[in-house]
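Engineer: First, the structure itself, so that you have it in front of you.
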Amino acid sequence: MKTFKQYLILLAVIPLLGYLLIAAKSKEPTVYGVGFYNVENLFDTIHDVNKNDHDYLIGGKLDWNREKYSSKLTNIARVLSEMGSDKTPAGPAVIGLAEIENFRVLLDLILQPALKGKYQYLHYEGEDKRGIDCALLYNPDLFLPQHSLLVPSKPLDGDTIHKTRGFLVVSGLLGGEKITLIVNHWPSRGAESPVRVHAGEQVKLITDSIYNLNSHAKIVVMGDLNDDPMDPSVAKALGAKKHVKEVKSKELYNPWWEILEDKDVGTLLYRGKWNLFDQIIISEPLLKAKTGLRFVEAEVFMRDYLFEQEGKYKGSPFRTFGGRKWLNGYSDHLPTLIYLAQ
């Protein structure tokens, strides 16, 4: 038989338990940002052997120098430090980058005051003739990389002119949960569509191989694909779907299709028309997960300073050069973000 003292303890504990249950149910989910940014030719002033980086050497065609390089680093660091800060105060957990020259520019970038002590990087030297590569920045407090490699691209019918930069594949723990990231930069529009279709097919082989090991794998495919979401390379070769209801097991969802086609929002402007080449595509388990990491929303990151404010190109992304004229801008692309909740 319980004593009077024990009843008093129970009366005190029961409301506390109720409060804890309510608090547990009402706990806000943790939100992680996953970003991508084509930083438009982030070159230092040092020549890399066997790379065509001559325009960005001191005395080169673009009259590149340490002051311009330093300003470019400051500008890009500002963008990366502000991406998603309204929804994730710590900033994105990971950011894929395109048009990085080498490890030196990555080291200089993460040591900028706006980013110092926040990010580390993963990078492999690729085979691009101009010397531009993909890379991944990550916040080690949020993302723990476990495995990474650069999967070489296979030329289409022996075409080495338009060979893509390879596919940077990184797997690790985001919020303690396994996720695989694939960072891309597909061949430019200087090449015909079949070259990018071939790139999409190669990435599809990578995602299929991951799915074959784990049908519930959480995968993010990000990058400058040099095609829009509805183009054959993305919609057919990669198989990324426009609508949630279309996405079946072991398939991919592309939220940017609706953003471009239905809302006319893009990441680069060409002859008055918006394109959305900079996409972050997710696997079906991230889309339909009932527990763990799950997709919340996608956005093109926009701030006034990222756009031309006057003149002929008003409203276009504010880039580093206009022809050979140094504009001291940011990039000809806008960054993109998705948010994952846990």
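Labels for the structure tokens follow display order: chains A, B, ..., residues from 1 in each chain, ligands from 1.
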Show which residues sit within 8 Å of region 238-245 of chain A, as a short mmCIF file (atom, residue, chain, number, x, y, z; two decimals) with N, CA and C atoms, in the first residue's frame. Count only C-alpha atoms, and ignore same-chain residues fewer than 5 positions away.
Structural biologist:
```cif
data_model
loop_
_atom_site.label_atom_id
_atom_site.label_comp_id
_atom_site.auth_asym_id
_atom_site.auth_seq_id
_atom_site.Cartn_x
_atom_site.Cartn_y
_atom_site.Cartn_z
N GLY A 200 23.98 12.74 -68.09
CA GLY A 200 22.83 12.33 -67.28
C GLY A 200 22.74 10.82 -67.13
N GLU A 201 23.04 10.11 -68.20
CA GLU A 201 23.01 8.65 -68.15
C GLU A 201 24.06 8.10 -67.18
N VAL A 203 25.29 9.68 -64.52
CA VAL A 203 24.85 9.94 -63.13
C VAL A 203 23.74 8.97 -62.74
N LYS A 204 22.88 8.65 -63.70
CA LYS A 204 21.82 7.66 -63.42
C LYS A 204 22.43 6.31 -63.05
N PRO A 229 15.38 21.69 -66.24
CA PRO A 229 14.80 20.44 -65.70
C PRO A 229 14.00 19.62 -66.69
N SER A 233 18.34 15.52 -70.99
CA SER A 233 19.43 15.03 -70.14
C SER A 233 18.98 14.84 -68.69
N GLU A 251 13.44 6.26 -57.72
CA GLU A 251 13.47 7.33 -58.71
C GLU A 251 13.87 8.65 -58.04
N LEU A 252 13.89 9.73 -58.84
CA LEU A 252 14.36 11.03 -58.39
C LEU A 252 13.29 12.09 -58.59
N TYR A 253 13.32 13.10 -57.73
CA TYR A 253 12.37 14.21 -57.80
C TYR A 253 13.14 15.50 -58.04
N ASN A 254 12.61 16.34 -58.97
CA ASN A 254 13.26 17.60 -59.32
C ASN A 254 12.33 18.78 -59.02
N PRO A 255 12.48 19.42 -57.87
CA PRO A 255 11.59 20.53 -57.50
C PRO A 255 11.75 21.76 -58.37
N TRP A 256 12.86 21.86 -59.11
CA TRP A 256 13.16 23.05 -59.89
C TRP A 256 12.35 23.13 -61.17
N TRP A 257 11.79 22.02 -61.59
CA TRP A 257 10.98 22.00 -62.80
C TRP A 257 9.77 22.94 -62.63
N GLU A 258 9.05 22.77 -61.54
CA GLU A 258 7.91 23.65 -61.27
C GLU A 258 8.35 25.09 -61.03
N ILE A 281 18.62 17.85 -56.90
CA ILE A 281 17.62 16.81 -57.15
C ILE A 281 17.72 15.75 -56.06
N LEU A 287 12.13 12.37 -50.30
CA LEU A 287 10.86 13.02 -50.62
C LEU A 287 9.72 12.49 -49.76
#
```
Engineer: As JSON, numbers by chain, list the residues of region 63-130 of chain A assigned to helix (DSSP H, G or I) by DSSP on the backbone atoms of this structure.
Structural biologist: {"A": [66, 67, 68, 69, 70, 71, 72, 73, 74, 75, 76, 77, 78, 79, 80, 81, 82, 103, 104, 105, 106, 107, 108, 109, 110]}
Engineer: Export C-alpha atoms of the chosen residues as an mmCIF file, in the first residue's frame?
Structural biologist:
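Output file result-v3.cif is given in full below:
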```
data_model
loop_
_atom_site.group_PDB
_atom_site.id
_atom_site.type_symbol
_atom_site.label_atom_id
_atom_site.label_comp_id
_atom_site.auth_asym_id
_atom_site.auth_seq_id
_atom_site.Cartn_x
_atom_site.Cartn_y
_atom_site.Cartn_z
ATOM 1 C CA ARG A 66 45.927 39.661 -56.759
ATOM 2 C CA GLU A 67 43.573 42.571 -55.988
ATOM 3 C CA LYS A 68 40.851 41.274 -58.307
ATOM 4 C CA TYR A 69 41.304 37.728 -57.032
ATOM 5 C CA SER A 70 41.048 38.950 -53.440
ATOM 6 C CA SER A 71 37.873 40.877 -54.236
ATOM 7 C CA LYS A 72 36.374 37.809 -55.930
ATOM 8 C CA LEU A 73 37.065 35.727 -52.816
ATOM 9 C CA THR A 74 35.430 38.357 -50.589
ATOM 10 C CA ASN A 75 32.357 38.481 -52.827
ATOM 11 C CA ILE A 76 31.876 34.715 -53.024
ATOM 12 C CA ALA A 77 32.444 34.312 -49.270
ATOM 13 C CA ARG A 78 29.738 36.887 -48.616
ATOM 14 C CA VAL A 79 27.220 34.915 -50.671
ATOM 15 C CA LEU A 80 28.100 31.579 -49.067
ATOM 16 C CA SER A 81 27.917 33.060 -45.558
ATOM 17 C CA GLU A 82 24.421 34.470 -46.184
ATOM 18 C CA PHE A 103 42.693 23.347 -53.777
ATOM 19 C CA ARG A 104 44.475 26.685 -53.314
ATOM 20 C CA VAL A 105 41.393 28.750 -54.135
ATOM 21 C CA LEU A 106 39.314 26.575 -51.822
ATOM 22 C CA LEU A 107 41.758 27.130 -48.983
ATOM 23 C CA ASP A 108 41.802 30.874 -49.654
ATOM 24 C CA LEU A 109 37.996 30.872 -49.774
ATOM 25 C CA ILE A 110 37.347 29.129 -46.464
#
```
Engineer: Taking only C-alpha atoms into account, produce a table as JSON lines in which each residue of region 17-89 of chain A with an atom at most 6 Å from an atom of region 322-336 of chain A appears once, together with its shortest atom pair and the distance in Å to one decimal, ordered by chain and rising number.
Structural biologist:
```
{"residue": "A:Gly35", "atom": "CA", "partner": "A:Thr336", "partner_atom": "CA", "distance": 5.7}
{"residue": "A:Phe36", "atom": "CA", "partner": "A:Thr336", "partner_atom": "CA", "distance": 5.4}
{"residue": "A:Tyr37", "atom": "CA", "partner": "A:Pro335", "partner_atom": "CA", "distance": 4.5}
{"residue": "A:Val39", "atom": "CA", "partner": "A:Ser331", "partner_atom": "CA", "distance": 5.5}
{"residue": "A:Glu40", "atom": "CA", "partner": "A:Ser331", "partner_atom": "CA", "distance": 5.1}
{"residue": "A:Leu62", "atom": "CA", "partner": "A:Arg324", "partner_atom": "CA", "distance": 5.7}
{"residue": "A:Asn75", "atom": "CA", "partner": "A:Tyr330", "partner_atom": "CA", "distance": 5.9}
```
Engineer: Restricting the calculation to only C-alpha atoms: of A:Arg196, A:Lys87, A:Lys288, A:His147, which residue gets closest to Gly172 (chain A)?
Structural biologist: A:His147
Engineer: Pick from A:Asn38, A:Thr207, A:Thr267, A:Ser193: nearest to Ile219 (chain A), with only C-alpha atoms counted?
Structural biologist: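 Answer, going by the shortest atom-to-atom distance: A:Thr207.
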Engineer: Looking only at the backbone, which of the residues in region 30-118 of chain A does DSSP tag as strand (DSSP E or B), as a ChimeraX atom specification?
Structural biologist: /A:31-42,94-100
